[in-house]
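Peer 1: Here you go, final_27.tsv (TSV, N, CA and C atoms):
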chain	number	residue	atom	x	y	z
A	1	MET	N	69.99	76.45	64.75
A	1	MET	CA	71.22	76.09	65.42
A	1	MET	C	72.32	77.05	64.98
A	2	ASN	N	73.18	77.42	65.92
A	2	ASN	CA	74.20	78.42	65.63
A	2	ASN	C	75.55	77.81	65.27
A	3	GLY	N	75.60	76.53	64.99
A	3	GLY	CA	76.85	75.89	64.62
A	3	GLY	C	77.69	75.43	65.80
A	4	ARG	N	77.22	75.66	67.01
A	4	ARG	CA	77.95	75.23	68.20
A	4	ARG	C	77.25	74.02	68.80
A	5	ALA	N	78.03	73.09	69.26
A	5	ALA	CA	77.46	71.90	69.90
A	5	ALA	C	77.19	72.22	71.36
A	6	ASP	N	76.03	71.82	71.84
A	6	ASP	CA	75.67	72.05	73.25
A	6	ASP	C	75.74	70.71	73.96
A	7	PHE	N	76.75	70.53	74.81
A	7	PHE	CA	76.98	69.26	75.47
A	7	PHE	C	76.33	69.19	76.84
A	8	ARG	N	75.57	70.19	77.24
A	8	ARG	CA	74.93	70.17	78.55
A	8	ARG	C	73.70	69.28	78.53
A	9	GLU	N	73.45	68.68	79.65
A	9	GLU	CA	72.22	67.90	79.82
A	9	GLU	C	71.05	68.87	79.81
A	10	PRO	N	69.91	68.48	79.32
A	10	PRO	CA	68.80	69.41	79.26
A	10	PRO	C	68.29	69.86	80.62
A	11	ASN	N	68.34	69.01	81.64
A	11	ASN	CA	67.83	69.36	82.96
A	11	ASN	C	68.94	69.51	84.00
A	12	ALA	N	70.18	69.63	83.57
A	12	ALA	CA	71.30	69.73	84.50
A	12	ALA	C	71.33	71.11	85.14
A	13	GLU	N	71.70	71.12	86.43
A	13	GLU	CA	71.83	72.39	87.14
A	13	GLU	C	73.16	73.03	86.79
A	14	VAL	N	73.14	74.30	86.58
A	14	VAL	CA	74.36	75.05	86.31
A	14	VAL	C	74.98	75.41	87.65
A	15	PRO	N	76.27	75.06	87.87
A	15	PRO	CA	76.88	75.39	89.16
A	15	PRO	C	76.96	76.90	89.35
A	16	ARG	N	76.68	77.32	90.57
A	16	ARG	CA	76.73	78.74	90.90
A	16	ARG	C	78.19	79.18	90.99
A	17	PRO	N	78.49	80.37	90.53
A	17	PRO	CA	79.88	80.84	90.62
A	17	PRO	C	80.27	81.08	92.08
A	18	ILE	N	81.55	80.97	92.33
A	18	ILE	CA	82.06	81.21	93.67
A	18	ILE	C	81.90	82.69	93.98
A	19	PRO	N	81.30	83.02	95.13
A	19	PRO	CA	81.14	84.44	95.45
A	19	PRO	C	82.50	85.09	95.68
A	20	HIS	N	82.62	86.31	95.24
A	20	HIS	CA	83.86	87.05	95.41
A	20	HIS	C	83.55	88.39	96.06
A	21	ILE	N	84.59	88.99	96.60
A	21	ILE	CA	84.42	90.29	97.21
A	21	ILE	C	84.50	91.32	96.10
A	22	GLY	N	83.39	91.97	95.87
A	22	GLY	CA	83.31	92.97	94.82
A	22	GLY	C	82.87	94.30	95.39
A	23	PRO	N	82.45	95.19	94.53
A	23	PRO	CA	82.03	96.52	94.99
A	23	PRO	C	80.77	96.49	95.85
A	24	ASP	N	79.99	95.41	95.77
A	24	ASP	CA	78.77	95.33	96.56
A	24	ASP	C	78.98	94.67	97.92
A	25	TYR	N	80.20	94.29	98.26
A	25	TYR	CA	80.49	93.66	99.55
A	25	TYR	C	80.46	94.72	100.65
A	26	ILE	N	79.78	94.42	101.74
A	26	ILE	CA	79.67	95.35	102.87
A	26	ILE	C	80.62	94.89	103.97
A	27	LEU	N	81.54	95.77	104.36
A	27	LEU	CA	82.51	95.45	105.40
A	27	LEU	C	81.85	95.41	106.77
A	28	THR	N	82.33	94.51	107.62
A	28	THR	CA	81.88	94.50	109.01
A	28	THR	C	82.61	95.61	109.76
A	29	GLU	N	82.19	95.86	110.99
A	29	GLU	CA	82.84	96.91	111.79
A	29	GLU	C	84.32	96.59	112.04
A	30	GLU	N	84.62	95.32	112.34
A	30	GLU	CA	86.01	94.94	112.59
A	30	GLU	C	86.86	95.11	111.34
A	31	GLU	N	86.32	94.70	110.19
A	31	GLU	CA	87.06	94.86	108.94
A	31	GLU	C	87.27	96.33	108.61
A	32	ARG	N	86.26	97.14	108.86
A	32	ARG	CA	86.38	98.58	108.61
A	32	ARG	C	87.43	99.19	109.53
A	33	ARG	N	87.46	98.74	110.79
A	33	ARG	CA	88.44	99.25	111.75
A	33	ARG	C	89.86	98.89	111.31
A	34	VAL	N	90.08	97.63	110.91
A	34	VAL	CA	91.40	97.20	110.46
A	34	VAL	C	91.80	97.93	109.18
A	35	PHE	N	90.84	98.14	108.29
A	35	PHE	CA	91.12	98.83	107.03
A	35	PHE	C	91.55	100.27	107.29
A	36	THR	N	90.83	101.00	108.13
A	36	THR	CA	91.22	102.39	108.42
A	36	THR	C	92.54	102.44	109.19
A	37	GLU	N	92.74	101.48	110.10
A	37	GLU	CA	94.00	101.43	110.84
A	37	GLU	C	95.17	101.21	109.88
A	38	CYS	N	95.01	100.30	108.94
A	38	CYS	CA	96.06	100.05	107.94
A	38	CYS	C	96.29	101.28	107.07
A	39	SER	N	95.22	101.92	106.66
A	39	SER	CA	95.37	103.11	105.80
A	39	SER	C	96.13	104.22	106.51
A	40	GLU	N	95.80	104.45	107.78
A	40	GLU	CA	96.50	105.50	108.53
A	40	GLU	C	97.96	105.14	108.78
A	41	GLU	N	98.21	103.87	109.13
A	41	GLU	CA	99.59	103.46	109.38
A	41	GLU	C	100.42	103.50	108.11
A	42	ILE	N	99.83	103.10	106.99
A	42	ILE	CA	100.55	103.16	105.72
A	42	ILE	C	100.95	104.60	105.42
A	43	PHE	N	100.01	105.52	105.58
A	43	PHE	CA	100.30	106.91	105.23
A	43	PHE	C	101.31	107.52	106.17
A	44	TRP	N	101.08	107.46	107.48
A	44	TRP	CA	101.92	108.19	108.43
A	44	TRP	C	103.24	107.51	108.74
A	45	PHE	N	103.27	106.17	108.75
A	45	PHE	CA	104.48	105.48	109.19
A	45	PHE	C	105.33	104.94	108.06
A	46	ARG	N	104.81	104.89	106.84
A	46	ARG	CA	105.61	104.40	105.74
A	46	ARG	C	105.70	105.40	104.59
A	47	SER	N	104.55	105.84	104.06
A	47	SER	CA	104.56	106.66	102.85
A	47	SER	C	105.17	108.03	103.06
A	48	VAL	N	104.74	108.74	104.09
A	48	VAL	CA	105.28	110.08	104.33
A	48	VAL	C	106.77	110.05	104.65
A	49	PRO	N	107.24	109.16	105.56
A	49	PRO	CA	108.69	109.15	105.81
A	49	PRO	C	109.52	108.77	104.59
A	50	LEU	N	109.07	107.78	103.81
A	50	LEU	CA	109.85	107.40	102.63
A	50	LEU	C	109.82	108.48	101.56
A	51	ALA	N	108.68	109.15	101.39
A	51	ALA	CA	108.61	110.24	100.41
A	51	ALA	C	109.53	111.38	100.82
A	52	ALA	N	109.50	111.76	102.10
A	52	ALA	CA	110.36	112.86	102.56
A	52	ALA	C	111.83	112.48	102.47
A	53	THR	N	112.16	111.25	102.84
A	53	THR	CA	113.55	110.81	102.79
A	53	THR	C	114.06	110.77	101.35
A	54	SER	N	113.24	110.27	100.45
A	54	SER	CA	113.69	110.21	99.05
A	54	SER	C	113.84	111.61	98.47
A	55	MET	N	112.99	112.54	98.89
A	55	MET	CA	113.14	113.92	98.42
A	55	MET	C	114.42	114.54	98.97
A	56	LEU	N	114.72	114.31	100.24
A	56	LEU	CA	115.94	114.86	100.83
A	56	LEU	C	117.19	114.28	100.17
A	57	ILE	N	117.17	112.98	99.93
A	57	ILE	CA	118.33	112.36	99.28
A	57	ILE	C	118.50	112.90	97.86
A	58	THR	N	117.39	113.04	97.14
A	58	THR	CA	117.47	113.57	95.77
A	58	THR	C	117.99	114.99	95.76
A	59	GLN	N	117.50	115.82	96.69
A	59	GLN	CA	117.98	117.21	96.76
A	59	GLN	C	119.46	117.25	97.13
A	60	GLY	N	119.89	116.37	98.00
A	60	GLY	CA	121.30	116.29	98.35
A	60	GLY	C	122.16	115.90	97.16
A	61	LEU	N	121.67	114.94	96.38
A	61	LEU	CA	122.42	114.52	95.19
A	61	LEU	C	122.47	115.63	94.14
A	62	ILE	N	121.39	116.39	94.03
A	62	ILE	CA	121.39	117.51	93.07
A	62	ILE	C	122.33	118.61	93.54
A	63	SER	N	122.31	118.92	94.83
A	63	SER	CA	123.17	120.00	95.33
A	63	SER	C	124.65	119.63	95.27
A	64	LYS	N	124.99	118.33	95.36
A	64	LYS	CA	126.38	117.90	95.25
A	64	LYS	C	126.82	117.77	93.79
A	65	GLY	N	125.89	117.85	92.87
A	65	GLY	CA	126.23	117.77	91.46
A	65	GLY	C	126.20	116.36	90.90
A	66	ILE	N	125.80	115.39	91.69
A	66	ILE	CA	125.72	114.01	91.20
A	66	ILE	C	124.56	113.87	90.22
A	67	LEU	N	123.43	114.49	90.56
A	67	LEU	CA	122.30	114.58	89.64
A	67	LEU	C	122.24	116.00	89.11
A	68	SER	N	121.88	116.14	87.85
A	68	SER	CA	121.78	117.49	87.28
A	68	SER	C	120.35	118.00	87.38
A	69	SER	N	120.20	119.28	87.57
A	69	SER	CA	118.86	119.86	87.62
A	69	SER	C	118.45	120.28	86.21
A	70	HIS	N	117.17	120.41	86.04
A	70	HIS	CA	116.62	120.79	84.74
A	70	HIS	C	116.97	122.27	84.49
A	71	PRO	N	117.36	122.64	83.26
A	71	PRO	CA	117.75	124.04	83.01
A	71	PRO	C	116.60	125.02	83.21
A	72	ARG	N	115.39	124.61	82.94
A	72	ARG	CA	114.26	125.54	83.07
A	72	ARG	C	113.52	125.39	84.40
A	73	TYR	N	113.28	124.14	84.82
A	73	TYR	CA	112.45	123.89	86.02
A	73	TYR	C	113.26	123.62	87.28
A	74	GLY	N	114.53	123.49	87.19
A	74	GLY	CA	115.36	123.27	88.36
A	74	GLY	C	115.23	121.84	88.88
A	75	SER	N	115.22	121.70	90.18
A	75	SER	CA	115.18	120.37	90.79
A	75	SER	C	113.76	119.87	91.05
A	76	ILE	N	112.76	120.69	90.77
A	76	ILE	CA	111.37	120.34	91.08
A	76	ILE	C	110.90	119.04	90.43
A	77	PRO	N	111.13	118.78	89.13
A	77	PRO	CA	110.64	117.52	88.55
A	77	PRO	C	111.25	116.28	89.19
A	78	LYS	N	112.54	116.34	89.50
A	78	LYS	CA	113.18	115.19	90.13
A	78	LYS	C	112.70	115.01	91.56
A	79	LEU	N	112.44	116.10	92.26
A	79	LEU	CA	111.92	115.98	93.62
A	79	LEU	C	110.49	115.43	93.63
A	80	ILE	N	109.68	115.86	92.68
A	80	ILE	CA	108.31	115.33	92.60
A	80	ILE	C	108.35	113.84	92.27
A	81	PHE	N	109.20	113.45	91.34
A	81	PHE	CA	109.32	112.03	91.00
A	81	PHE	C	109.80	111.23	92.20
A	82	ALA	N	110.78	111.73	92.94
A	82	ALA	CA	111.29	111.03	94.12
A	82	ALA	C	110.20	110.92	95.19
A	83	CYS	N	109.41	111.98	95.34
A	83	CYS	CA	108.33	111.96	96.32
A	83	CYS	C	107.28	110.90	95.96
A	84	ILE	N	106.90	110.84	94.69
A	84	ILE	CA	105.90	109.87	94.25
A	84	ILE	C	106.43	108.44	94.41
A	85	MET	N	107.67	108.22	94.04
A	85	MET	CA	108.25	106.88	94.17
A	85	MET	C	108.37	106.47	95.64
A	86	GLY	N	108.77	107.39	96.50
A	86	GLY	CA	108.85	107.09	97.92
A	86	GLY	C	107.49	106.81	98.52
A	87	TYR	N	106.49	107.56	98.09
A	87	TYR	CA	105.13	107.36	98.59
A	87	TYR	C	104.63	105.95	98.24
A	88	PHE	N	104.78	105.55	96.97
A	88	PHE	CA	104.29	104.23	96.58
A	88	PHE	C	105.17	103.11	97.13
A	89	ALA	N	106.45	103.35	97.29
A	89	ALA	CA	107.30	102.35	97.93
A	89	ALA	C	106.86	102.11	99.37
A	90	GLY	N	106.46	103.18	100.05
A	90	GLY	CA	105.93	103.04	101.41
A	90	GLY	C	104.63	102.26	101.44
A	91	LYS	N	103.77	102.52	100.48
A	91	LYS	CA	102.50	101.78	100.41
A	91	LYS	C	102.74	100.30	100.16
A	92	PHE	N	103.61	99.99	99.21
A	92	PHE	CA	103.85	98.59	98.87
A	92	PHE	C	104.61	97.86	99.97
A	93	SER	N	105.41	98.58	100.74
A	93	SER	CA	106.19	97.91	101.78
A	93	SER	C	105.32	97.50	102.97
A	94	TYR	N	104.12	98.03	103.06
A	94	TYR	CA	103.26	97.73	104.21
A	94	TYR	C	102.17	96.71	103.87
A	95	VAL	N	102.14	96.22	102.65
A	95	VAL	CA	101.07	95.31	102.22
A	95	VAL	C	101.07	94.03	103.05
A	96	LYS	N	102.22	93.42	103.26
A	96	LYS	CA	102.30	92.17	104.01
A	96	LYS	C	101.80	92.34	105.44
A	97	THR	N	102.10	93.47	106.06
A	97	THR	CA	101.65	93.73	107.43
A	97	THR	C	100.14	93.81	107.48
A	98	CYS	N	99.54	94.49	106.53
A	98	CYS	CA	98.07	94.58	106.51
A	98	CYS	C	97.44	93.24	106.19
A	99	GLN	N	98.06	92.45	105.34
A	99	GLN	CA	97.54	91.12	105.09
A	99	GLN	C	97.55	90.28	106.36
A	100	GLU	N	98.60	90.41	107.15
A	100	GLU	CA	98.67	89.69	108.42
A	100	GLU	C	97.58	90.15	109.38
A	101	LYS	N	97.30	91.44	109.39
A	101	LYS	CA	96.24	91.96	110.27
A	101	LYS	C	94.89	91.38	109.88
A	102	PHE	N	94.60	91.34	108.57
A	102	PHE	CA	93.33	90.77	108.13
A	102	PHE	C	93.29	89.27	108.37
A	103	LYS	N	94.42	88.58	108.23
A	103	LYS	CA	94.45	87.15	108.50
A	103	LYS	C	94.21	86.88	109.99
A	104	ASN	N	94.81	87.71	110.85
A	104	ASN	CA	94.58	87.55	112.28
A	104	ASN	C	93.13	87.84	112.65
A	105	LEU	N	92.53	88.83	111.99
A	105	LEU	CA	91.11	89.12	112.22
A	105	LEU	C	90.25	87.93	111.82
A	106	PHE	N	90.56	87.33	110.68
A	106	PHE	CA	89.82	86.16	110.21
A	106	PHE	C	89.97	85.00	111.19
A	107	LEU	N	91.21	84.76	111.65
A	107	LEU	CA	91.43	83.66	112.59
A	107	LEU	C	90.74	83.90	113.92
A	108	GLU	N	90.77	85.15	114.42
A	108	GLU	CA	90.08	85.46	115.67
A	108	GLU	C	88.59	85.20	115.54
A	109	LYS	N	88.03	85.61	114.41
A	109	LYS	CA	86.60	85.46	114.19
A	109	LYS	C	86.19	83.99	114.13
A	110	PHE	N	86.90	83.22	113.31
A	110	PHE	CA	86.51	81.84	113.12
A	110	PHE	C	87.01	80.91	114.21
A	111	CYS	N	88.12	81.24	114.86
A	111	CYS	CA	88.56	80.43	115.99
A	111	CYS	C	87.62	80.60	117.16
A	112	GLY	N	87.12	81.81	117.34
A	112	GLY	CA	86.14	82.04	118.41
A	112	GLY	C	84.87	81.25	118.16
A	113	GLN	N	84.42	81.20	116.92
A	113	GLN	CA	83.23	80.42	116.59
A	113	GLN	C	83.50	78.93	116.74
A	114	ALA	N	84.69	78.49	116.41
A	114	ALA	CA	85.03	77.07	116.52
A	114	ALA	C	85.11	76.66	117.98
A	115	LYS	N	85.64	77.55	118.84
A	115	LYS	CA	85.73	77.23	120.26
A	115	LYS	C	84.35	77.15	120.90
A	116	ARG	N	83.41	77.97	120.40
A	116	ARG	CA	82.05	77.94	120.94
A	116	ARG	C	81.24	76.77	120.39
A	117	GLY	N	81.76	76.09	119.40
A	117	GLY	CA	81.06	74.95	118.83
A	117	GLY	C	80.24	75.29	117.61
A	118	ALA	N	80.30	76.52	117.13
A	118	ALA	CA	79.52	76.90	115.96
A	118	ALA	C	80.09	76.30	114.69
A	119	LEU	N	81.39	76.08	114.67
A	119	LEU	CA	82.04	75.47	113.50
A	119	LEU	C	82.82	74.24	113.98
A	120	PRO	N	82.18	73.09	114.15
A	120	PRO	CA	82.86	71.94	114.75
A	120	PRO	C	84.03	71.42	113.91
A	121	HIS	N	83.92	71.44	112.59
A	121	HIS	CA	85.00	70.92	111.77
A	121	HIS	C	86.25	71.79	111.87
A	122	LEU	N	86.07	73.09	111.93
A	122	LEU	CA	87.20	73.99	112.06
A	122	LEU	C	87.84	73.84	113.43
A	123	GLY	N	87.03	73.62	114.45
A	123	GLY	CA	87.57	73.44	115.80
A	123	GLY	C	88.46	72.22	115.90
A	124	THR	N	88.05	71.09	115.32
A	124	THR	CA	88.89	69.90	115.36
A	124	THR	C	90.14	70.08	114.53
A	125	MET	N	90.03	70.79	113.41
A	125	MET	CA	91.20	71.04	112.58
A	125	MET	C	92.20	71.92	113.33
A	126	LEU	N	91.70	72.96	114.01
A	126	LEU	CA	92.60	73.86	114.73
A	126	LEU	C	93.24	73.17	115.92
A	127	LYS	N	92.49	72.29	116.59
A	127	LYS	CA	93.06	71.57	117.72
A	127	LYS	C	94.19	70.65	117.24
A	128	SER	N	94.00	70.05	116.07
A	128	SER	CA	95.03	69.15	115.56
A	128	SER	C	96.28	69.93	115.15
A	129	GLN	N	96.13	71.19	114.79
A	129	GLN	CA	97.28	72.00	114.37
A	129	GLN	C	97.80	72.88	115.50
A	130	ASN	N	97.20	72.80	116.67
A	130	ASN	CA	97.60	73.59	117.85
A	130	ASN	C	97.51	75.08	117.57
A	131	MET	N	96.47	75.51	116.87
A	131	MET	CA	96.30	76.93	116.56
A	131	MET	C	95.30	77.60	117.48
A	132	THR	N	94.76	76.88	118.46
A	132	THR	CA	93.75	77.48	119.31
A	132	THR	C	94.33	78.38	120.38
A	133	GLN	N	95.64	78.36	120.59
A	133	GLN	CA	96.24	79.27	121.57
A	133	GLN	C	96.52	80.61	120.93
A	134	MET	N	95.53	81.47	120.87
A	134	MET	CA	95.69	82.81	120.30
A	134	MET	C	95.34	83.82	121.34
Just give me the structure as structure tokens.
Peer 2:
Amino acid sequence: MNGRADFREPNAEVPRPIPHIGPDYILTEEERRVFTECSEEIFWFRSVPLAATSMLITQGLISKGILSSHPRYGSIPKLIFACIMGYFAGKFSYVKTCQEKFKNLFLEKFCGQAKRGALPHLGTMLKSQNMTQM
């Protein structure tokens, strides 16, 4: 005995862990489509414009003398920092939109199955909440 008390029943079943999405999860075609769509929209419509805008504002502040440039490297370190911060701010600002896209994909998938009768409990729940008009 290792000094620990074992309170489990000798023949009791151990509950299986809740499955989670890990590295071995295989995306469906619709999920892959939404994922690539989100990635492209994040990059082109949020990250690049915010990175460029933050760099322009930083360069303007340096040229007006509000921010000082580095004596050896000039304005490059501050511009790189502004670019990185703008890039990640763009990424983080689009997270809610992508979550909504995945939620809508989930609802389309399961509402369609509920309407066909494949998931009867979900269909009655959705009818009671008036969510079937999508």
Peer 1: So which residues touch A:Lys101 within 7 Å, counting all atoms listed in the file, skipping near sequence neighbours fewer than 5 positions away, as a PyMOL selection string?
Peer 2: chain A and resi 34+96+106
Peer 1: So which residues touch stretch 74-90 of chain A within 10 Å, counting only C-alpha atoms, skipping near sequence neighbours fewer than 2 positions away, as a ChimeraX atom specification?
Peer 2: /A:42-59,62-63,67-72,92-95
Peer 1: What gap, in Å, lies between atom CA of A:Ser39 and atom CA of A:Asp24?
Peer 2: 20.5 Å
Peer 1: By how many Å are atom N of A:Leu61 and atom N of A:Lys91 apart?
Peer 2: 22.2 Å
Peer 1: Can you check which residues of stretch 44-125 of chain A DSSP gives as helix (DSSP H, G or I) on the backbone and send them as a ChimeraX atom specification?
Peer 2: /A:44-64,76-93,95-116,120-125
Peer 1: Just to confirm, what's the straight-line distance from atom CA of A:Thr36 to atom C of A:Thr97 in Å (one decimal)?
Peer 2: 12.4 Å
